[in-house]
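*Asks:* Handing over upload.cif, mmCIF, C-alpha atoms.
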```
data_entry
#
loop_
_atom_site.label_atom_id
_atom_site.label_comp_id
_atom_site.auth_asym_id
_atom_site.auth_seq_id
_atom_site.Cartn_x
_atom_site.Cartn_y
_atom_site.Cartn_z
CA MET A 142 21.58 25.13 -30.65
CA ASN A 143 20.12 28.29 -32.16
CA THR A 144 16.67 26.70 -32.21
CA LYS A 145 17.02 25.85 -28.53
CA ASN A 146 18.08 29.40 -27.70
CA GLN A 147 15.09 30.73 -29.64
CA THR A 148 12.74 28.39 -27.78
CA PHE A 149 13.84 29.53 -24.32
CA SER A 150 14.42 33.08 -23.15
CA ALA A 151 17.84 34.19 -21.91
CA GLU A 152 16.50 34.40 -18.36
CA HIS A 153 15.17 30.85 -18.56
CA LEU A 154 18.48 29.51 -19.91
CA LEU A 155 20.30 31.30 -17.10
CA TYR A 156 17.91 29.72 -14.60
CA LEU A 157 18.51 26.24 -16.07
CA ARG A 158 22.29 26.74 -15.85
CA LYS A 159 21.97 27.77 -12.21
CA GLU A 160 19.84 24.71 -11.48
CA ARG A 161 22.37 22.38 -13.16
CA ARG A 162 25.20 24.07 -11.27
CA SER A 163 23.30 23.75 -7.99
CA THR A 164 22.61 20.05 -8.63
CA ALA A 165 26.28 19.44 -9.44
CA VAL A 166 27.36 21.20 -6.23
CA VAL A 167 24.96 19.07 -4.19
CA TRP A 168 26.24 15.81 -5.68
CA ILE A 169 29.89 16.79 -5.36
CA SER A 170 29.28 17.82 -1.74
CA ARG A 171 27.62 14.47 -1.03
CA ILE A 172 30.54 12.55 -2.50
CA LEU A 173 33.11 14.65 -0.65
CA LEU A 174 31.21 14.25 2.64
CA LEU A 175 31.10 10.47 2.18
CA ALA A 176 34.81 10.41 1.33
CA LEU A 177 35.57 12.50 4.43
CA ILE A 178 33.55 10.21 6.70
CA LEU A 179 35.22 7.08 5.29
CA GLY A 180 38.66 8.68 5.49
CA VAL A 181 38.23 9.76 9.12
CA TRP A 182 36.80 6.35 9.98
CA GLU A 183 39.77 4.57 8.38
CA LEU A 184 42.24 6.91 10.10
CA ILE A 185 40.67 6.39 13.53
CA ALA A 186 40.87 2.62 13.07
CA ALA A 187 44.44 2.70 11.68
CA LEU A 188 45.72 4.86 14.56
CA GLU A 189 43.69 2.74 17.01
CA VAL A 190 42.11 5.82 18.55
CA VAL A 191 39.23 3.41 18.97
CA ASP A 192 39.78 -0.34 18.86
CA PRO A 193 39.15 -1.38 15.21
CA PHE A 194 37.66 -4.62 16.53
CA ILE A 195 34.77 -2.52 17.86
CA ILE A 196 34.23 -0.07 15.00
CA SER A 197 35.82 -2.02 12.11
CA SER A 198 37.01 0.14 9.17
CA PRO A 199 36.23 0.66 5.47
CA SER A 200 39.23 -1.44 4.41
CA ARG A 201 38.25 -4.30 6.73
CA ILE A 202 34.67 -4.14 5.46
CA LEU A 203 35.87 -4.36 1.84
CA LYS A 204 38.07 -7.30 2.78
CA MET A 205 35.11 -9.08 4.39
CA ILE A 206 32.92 -8.46 1.32
CA ALA A 207 35.72 -9.89 -0.83
CA GLU A 208 35.83 -12.98 1.39
CA LEU A 209 32.08 -13.47 1.02
CA TRP A 210 32.50 -13.10 -2.74
CA GLU A 211 35.29 -15.65 -2.84
CA ASN A 212 33.45 -18.30 -0.84
CA GLY A 213 30.36 -17.85 -3.04
CA SER A 214 27.95 -16.81 -0.30
CA LEU A 215 27.71 -13.06 -0.99
CA PHE A 216 25.04 -13.09 -3.67
CA ARG A 217 23.15 -15.95 -2.04
CA HIS A 218 22.64 -13.87 1.11
CA ILE A 219 21.91 -10.70 -0.88
CA TRP A 220 19.35 -12.42 -3.09
CA THR A 221 17.64 -14.09 -0.12
CA THR A 222 17.04 -10.77 1.65
CA LEU A 223 16.28 -8.91 -1.58
CA TRP A 224 13.50 -11.19 -2.81
CA GLU A 225 11.94 -11.40 0.65
CA THR A 226 11.93 -7.62 0.84
CA LEU A 227 10.57 -7.08 -2.67
CA VAL A 228 7.78 -9.64 -2.27
CA GLY A 229 6.77 -8.25 1.13
CA PHE A 230 6.96 -4.69 -0.21
CA ALA A 231 4.77 -5.49 -3.22
CA ILE A 232 2.15 -7.30 -1.14
CA ALA A 233 2.06 -4.57 1.52
CA VAL A 234 1.69 -1.78 -1.06
CA ALA A 235 -0.93 -3.57 -3.16
CA LEU A 236 -3.01 -4.88 -0.26
CA GLY A 237 -2.67 -1.65 1.71
CA SER A 238 -3.85 0.43 -1.25
CA VAL A 239 -6.85 -1.85 -1.85
CA ILE A 240 -7.86 -1.73 1.83
CA ALA A 241 -7.48 2.06 1.83
CA LEU A 242 -9.75 2.25 -1.21
CA ALA A 243 -12.33 0.08 0.55
CA LEU A 244 -12.18 2.30 3.64
CA TRP A 245 -12.60 5.42 1.51
CA TRP A 246 -15.55 3.82 -0.25
CA SER A 247 -17.36 2.92 2.98
CA GLU A 248 -17.37 5.60 5.65
CA ARG A 249 -19.07 3.23 8.09
CA ALA A 250 -16.37 0.59 7.64
CA ARG A 251 -13.73 3.28 8.11
CA LYS A 252 -15.25 4.41 11.41
CA ILE A 253 -15.51 0.82 12.63
CA LEU A 254 -12.00 -0.28 11.66
CA GLU A 255 -10.02 2.91 12.32
CA PRO A 256 -9.33 2.15 16.04
CA TYR A 257 -8.09 -1.34 15.15
CA ILE A 258 -5.77 0.04 12.47
CA VAL A 259 -4.30 2.51 14.97
CA VAL A 260 -3.77 -0.26 17.53
CA LEU A 261 -2.12 -2.56 14.96
CA ASN A 262 0.16 0.28 13.88
CA SER A 263 1.33 0.88 17.45
CA LEU A 264 1.81 -2.84 18.19
CA PRO A 265 5.51 -3.88 18.38
CA LYS A 266 5.63 -6.35 15.48
CA ILE A 267 8.62 -8.17 16.95
CA ALA A 268 6.32 -9.33 19.76
CA LEU A 269 4.43 -11.45 17.23
CA GLY A 270 7.61 -13.29 16.21
CA PRO A 271 6.84 -16.56 18.06
CA VAL A 272 3.26 -16.57 16.75
CA ILE A 273 4.42 -15.95 13.18
CA ILE A 274 6.87 -18.86 13.41
CA ILE A 275 4.07 -21.17 14.59
CA TRP A 276 1.78 -19.97 11.80
CA PHE A 277 4.24 -19.96 8.88
CA GLY A 278 7.12 -22.13 10.04
CA THR A 279 10.82 -21.32 9.99
CA GLY A 280 11.14 -20.59 6.28
CA SER A 281 11.01 -17.47 4.16
CA SER A 282 7.22 -17.29 4.48
CA SER A 283 7.58 -16.00 8.05
CA ILE A 284 9.99 -13.30 6.93
CA VAL A 285 7.76 -12.19 4.05
CA PHE A 286 4.76 -12.07 6.41
CA MET A 287 6.73 -9.95 8.89
CA THR A 288 7.67 -7.59 6.04
CA VAL A 289 4.02 -7.28 5.02
CA LEU A 290 2.94 -6.79 8.62
CA VAL A 291 5.38 -3.92 9.14
CA GLY A 292 4.49 -2.14 5.90
CA ILE A 293 0.80 -2.70 5.32
CA ILE A 294 -0.57 -0.45 8.09
CA VAL A 295 1.71 2.38 6.93
CA ALA A 296 0.44 1.88 3.37
CA ILE A 297 -3.19 1.90 4.49
CA MET A 298 -2.88 5.03 6.62
CA ASN A 299 -0.92 7.01 4.03
CA MET A 300 -3.15 6.11 1.09
CA LEU A 301 -6.35 6.64 3.07
CA SER A 302 -5.07 10.06 4.09
CA GLY A 303 -4.41 10.84 0.42
CA PHE A 304 -7.86 9.69 -0.68
CA LEU A 305 -9.61 11.68 2.05
CA ALA A 306 -7.58 14.80 1.16
CA THR A 307 -9.20 15.01 -2.27
CA ASP A 308 -10.72 18.43 -2.89
CA LYS A 309 -14.30 18.27 -1.57
CA ASN A 310 -15.44 21.03 -3.95
CA LYS A 311 -14.34 18.97 -6.96
CA ILE A 312 -16.16 15.91 -5.60
CA THR A 313 -19.31 18.02 -5.14
CA LEU A 314 -18.95 19.36 -8.68
CA LEU A 315 -18.68 15.85 -10.16
CA ARG A 316 -21.70 14.70 -8.14
CA SER A 317 -23.72 17.66 -9.39
CA MET A 318 -22.85 16.59 -12.94
CA GLY A 319 -24.23 13.10 -12.25
CA ALA A 320 -20.95 11.24 -11.77
CA SER A 321 -21.16 7.92 -9.94
CA LYS A 322 -19.00 7.09 -6.93
CA LEU A 323 -16.87 4.80 -9.10
CA GLN A 324 -16.33 7.58 -11.64
CA ILE A 325 -15.35 10.00 -8.87
CA LEU A 326 -12.88 7.42 -7.60
CA THR A 327 -11.27 6.68 -10.94
CA LYS A 328 -11.39 10.16 -12.47
CA LEU A 329 -10.57 12.31 -9.43
CA VAL A 330 -9.62 10.57 -6.20
CA ILE A 331 -7.00 8.12 -7.50
CA PRO A 332 -5.29 10.58 -9.92
CA SER A 333 -5.14 13.32 -7.27
CA SER A 334 -3.62 10.82 -4.81
CA LEU A 335 -0.59 9.99 -6.98
CA PRO A 336 1.77 12.29 -5.00
CA GLN A 337 0.62 10.62 -1.79
CA PHE A 338 1.13 7.21 -3.42
CA ILE A 339 4.74 8.09 -4.24
CA ALA A 340 5.27 9.37 -0.70
CA MET A 341 3.83 6.12 0.63
CA LEU A 342 6.20 4.09 -1.56
CA LYS A 343 9.18 6.00 -0.18
CA ILE A 344 8.11 5.26 3.38
CA CYS A 345 7.29 1.62 2.63
CA VAL A 346 10.75 1.07 1.14
CA GLY A 347 12.26 1.64 4.57
CA MET A 348 9.49 -0.34 6.27
CA ALA A 349 10.06 -3.30 3.94
CA TRP A 350 13.76 -3.51 4.77
CA ILE A 351 13.03 -3.14 8.47
CA GLY A 352 10.47 -5.94 8.24
CA SER A 353 12.66 -8.35 6.31
CA ILE A 354 15.69 -7.84 8.56
CA MET A 355 13.47 -8.09 11.64
CA GLY A 356 12.11 -11.37 10.28
CA GLU A 357 15.61 -12.67 9.61
CA TYR A 358 16.59 -11.77 13.16
CA ILE A 359 13.80 -14.06 14.40
CA VAL A 360 14.15 -16.96 11.98
CA SER A 361 16.49 -17.34 9.01
CA LYS A 362 19.12 -19.61 7.55
CA ALA A 363 20.44 -17.08 5.03
CA GLY A 364 20.25 -13.38 4.24
CA LEU A 365 21.85 -10.16 5.42
CA GLY A 366 19.92 -10.24 8.69
CA TYR A 367 21.22 -13.74 9.30
CA LEU A 368 24.80 -12.56 8.68
CA ILE A 369 24.32 -9.67 11.13
CA VAL A 370 22.99 -11.98 13.84
CA TYR A 371 25.65 -14.61 13.20
CA GLY A 372 28.44 -12.01 13.13
CA GLY A 373 27.26 -10.63 16.46
CA GLN A 374 27.09 -14.07 18.03
CA VAL A 375 30.67 -15.01 17.05
CA PHE A 376 32.01 -11.46 17.57
CA LYS A 377 32.87 -10.97 13.88
CA LEU A 378 31.97 -7.28 13.80
CA ASP A 379 33.56 -6.87 10.37
CA LEU A 380 30.86 -9.22 9.07
CA VAL A 381 28.18 -7.23 10.89
CA MET A 382 29.40 -3.95 9.43
CA ALA A 383 29.85 -5.41 5.92
CA SER A 384 26.31 -6.78 5.95
CA THR A 385 25.00 -3.43 7.19
CA VAL A 386 26.82 -1.53 4.42
CA ILE A 387 25.41 -3.88 1.76
CA LEU A 388 21.97 -3.41 3.29
CA CYS A 389 22.30 0.37 3.09
CA ILE A 390 23.34 0.18 -0.58
CA LEU A 391 20.38 -2.04 -1.49
CA ALA A 392 17.91 0.15 0.42
CA ALA A 393 19.29 3.28 -1.25
CA ALA A 394 19.03 1.66 -4.70
CA MET A 395 15.41 0.71 -4.06
CA TYR A 396 14.63 4.22 -2.82
CA PHE A 397 16.17 5.81 -5.92
CA LEU A 398 14.05 3.53 -8.13
CA VAL A 399 10.99 5.03 -6.44
CA VAL A 400 12.42 8.53 -7.03
CA LEU A 401 12.91 7.61 -10.69
CA LEU A 402 9.28 6.46 -10.87
CA GLU A 403 8.25 9.80 -9.37
CA LYS A 404 10.17 11.71 -12.05
CA ILE A 405 8.57 9.60 -14.79
CA ILE A 406 5.07 10.28 -13.41
CA ILE A 407 5.81 14.02 -13.12
CA LYS A 408 7.24 14.15 -16.65
CA HIS A 409 4.37 12.14 -18.13
CA PRO A 410 1.28 13.04 -16.08
CA ARG A 411 -2.06 11.34 -16.69
#
```
Please rewrite the model in this file as structure tokens.
*Replies:*
Amino acid sequence: MNTKNQTFSAEHLLYLRKERRSTAVVWISRILLLALILGVWELIAALEVVDPFIISSPSRILKMIAELWENGSLFRHIWTTLWETLVGFAIAVALGSVIALALWWSERARKILEPYIVVLNSLPKIALGPVIIIWFGTGSSSIVFMTVLVGIIVAIMNMLSGFLATDKNKITLLRSMGASKLQILTKLVIPSSLPQFIAMLKICVGMAWIGSIMGEYIVSKAGLGYLIVYGGQVFKLDLVMASTVILCILAAAMYFLVVLLEKIIIKHPR
């Protein structure tokens, strides 16, 4: 303890205590806010201020999740959506990053393809649903493709923006020292784009879940999107809300994994 106190000044230790206290306050406030929302929601449903059939309630959602657990379908639906999302996310990120690199490498290709990328980004992907079914059938391949389609343009645009934002003076300096374009890419452009890469991952997490659920809306025999559609069709809104809550938990967990990756990169820079 004495060694630690000798390492850091009193002002720095005070600052660290304030930061820890601030973080604790934020987390406690988040938990209390969530508890308040759930409590008010449950109270409104219990007093029938609003028909609980329409808005469900936390207790009814927990009961529905327990029913899915008991009949053995809970983890089957979760796993179906999860693997479709993860596969689509990985393909979209990897392929989008490679395409962005290619567009950075060739300015002419970037100028030619940029209008098409903008058009594809603005295209409502759901409109391609019937075409995707014809191309890939009614299995999981269609859902994975939809997930990739939703996320890949976002990945390309974000990573390309990060590559192009590299300090021009540093690029000029490396060129003056005889560095090749490949060396500039590997030694400067890619490392300096790591923050943009993390930001892209955070965005693509949401895009991946949107894509997979959108795909399951169009064609699916299992998954959380399937449960939401089925629950809506048979007016089992408790099932719809339970599936939505599970979806939110999974999306949040995936997002926090990206945040954890960001902290690791910051703590152990290149």
*Asks:* Can you tell me which residues surround Ala363 (chain A) at a distance of at most 9 Å, considering only C-alpha atoms, apart from same-chain residues fewer than 3 positions away, and format the answer as a list in words?
*Replies:*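 These residues fall inside the cut-off: Arg217, His218, Ile219, Thr221, Thr222, Glu357, Gly366, Tyr367 and Leu368 of chain A.
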*Asks:* Got time to write the residues from that selection, C-alpha atoms, as an mmCIF file, in the frame of the given file?
*Replies:*
```
data_model
loop_
_atom_site.group_PDB
_atom_site.id
_atom_site.type_symbol
_atom_site.label_atom_id
_atom_site.label_comp_id
_atom_site.auth_asym_id
_atom_site.auth_seq_id
_atom_site.Cartn_x
_atom_site.Cartn_y
_atom_site.Cartn_z
ATOM 1 C CA ARG A 217 23.150 -15.950 -2.040
ATOM 2 C CA HIS A 218 22.640 -13.870 1.110
ATOM 3 C CA ILE A 219 21.910 -10.700 -0.880
ATOM 4 C CA THR A 221 17.640 -14.090 -0.120
ATOM 5 C CA THR A 222 17.040 -10.770 1.650
ATOM 6 C CA GLU A 357 15.610 -12.670 9.610
ATOM 7 C CA GLY A 366 19.920 -10.240 8.690
ATOM 8 C CA TYR A 367 21.220 -13.740 9.300
ATOM 9 C CA LEU A 368 24.800 -12.560 8.680
#
```
*Asks:* So how far away is CA of Ile293 (chain A) from CA of Ile258 (chain A), in Å?
*Replies:* 10.1 Å
*Asks:* Contacts of region 290-292 of chain A at 8 Å or less, counting only C-alpha atoms, minus same-chain residues fewer than 5 places along, as a list in words?
*Replies:*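 The residues that qualify are Phe230, Ala233, Val234, Lys266, Cys345, Met348, Ala349, Ile351 and Gly352 of chain A.
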*Asks:* How many Å lie between CA of Asn212 (chain A) and CA of Thr279 (chain A), rounded to one decimal?
*Replies:*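 CA of Thr279 (chain A) lies at a distance of 25.3 Å from CA of Asn212 (chain A).
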*Asks:* Tell me, counting all atoms listed in the file, for each residue of region 162-250 of chain A within 10 Å of region 311-333 of chain A, which pair of atoms is nearest and how far apart they are in Å to one decimal, in rows ordered by chain and increasing number, as CSV.
*Replies:*
```
residue,atom,partner,partner_atom,distance
A:Leu242,CA,A:Leu326,CA,8.8
A:Trp245,CA,A:Leu326,CA,9.3
A:Trp246,CA,A:Lys322,CA,8.2
```
*Asks:* If you apply the PyMOL selection byres ((chain A and resi 380) around 12) to this file, what residues do you get, as a ChimeraX atom specification?
*Replies:* /A:194-199,201-209,215,365-379,381-387
*Asks:* Show me a table, sorted first by chain and then by increasing residue number, of the residues of region 234-353 of chain A having an atom at most 12 Å from region 400-407 of chain A, each with its shortest atom pair and the distance in Å to one decimal, counting all atoms listed in the file and written as a Markdown table.
*Replies:*
```
| residue | atom | partner | partner_atom | distance |
| --- | --- | --- | --- | --- |
| A:Pro332 | CA | A:Ile406 | CA | 10.9 |
| A:Leu335 | CA | A:Ile406 | CA | 8.6 |
| A:Pro336 | CA | A:Glu403 | CA | 8.2 |
| A:Gln337 | CA | A:Glu403 | CA | 10.8 |
| A:Phe338 | CA | A:Glu403 | CA | 9.6 |
| A:Ile339 | CA | A:Glu403 | CA | 6.4 |
| A:Ala340 | CA | A:Glu403 | CA | 9.2 |
| A:Met341 | CA | A:Glu403 | CA | 11.5 |
| A:Leu342 | CA | A:Val400 | CA | 9.4 |
| A:Lys343 | CA | A:Val400 | CA | 8.0 |
| A:Ile344 | CA | A:Val400 | CA | 11.7 |
| A:Val346 | CA | A:Val400 | CA | 11.2 |
```
*Asks:* Taking only C-alpha atoms into account, which of A:Thr288, A:Ser353, A:Ser247, A:Ser334 comes nearest Ser302 (chain A)?
*Replies:*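 Among the listed residues, the smallest separation from Ser302 (chain A) belongs to A:Ser334.
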*Asks:* Go through A:Trp350, A:Phe304, A:Tyr156, A:Leu188 one by one, measure the shortest atom-to-atom distance of each to Ala243 (chain A) using only C-alpha atoms, and give the residue with the smallest value.
*Replies:*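 Of A:Trp350, A:Phe304, A:Tyr156, A:Leu188, the one nearest Ala243 (chain A), counting only C-alpha atoms, is A:Phe304.
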*Asks:* Please enumerate the residues selected by the PyMOL selection byres ((chain A and resi 241) around 6) when evaluated against the supplied file, formatted as a list in words.
*Replies:* Ser238, Val239, Ile240, Leu242, Ala243, Leu244, Ile297, Met300 and Leu301 of chain A
*Asks:* Would you please work out which residue, of A:Val285, A:Leu179, A:Ala296, A:Cys389, is nearest to Ser361 (chain A) when using all atoms listed in the file?
*Replies:*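 Distance minimum relative to Ser361 (chain A) lands on A:Val285.
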*Asks:* Identify which of the residues A:Ile185, A:Val228, A:Ala392, A:Leu254 lies closest to Met298 (chain A), counting all atoms listed in the file when measuring atom-to-atom distances.
*Replies:*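 Using all atoms listed in the file, the shortest distance to Met298 (chain A) belongs to A:Leu254.
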*Asks:* When you draw a straight line from CA of Phe286 (chain A) to CA of Ser263 (chain A), how long is it in Å?
*Replies:*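 CA of Ser263 (chain A) lies at a distance of 17.4 Å from CA of Phe286 (chain A).
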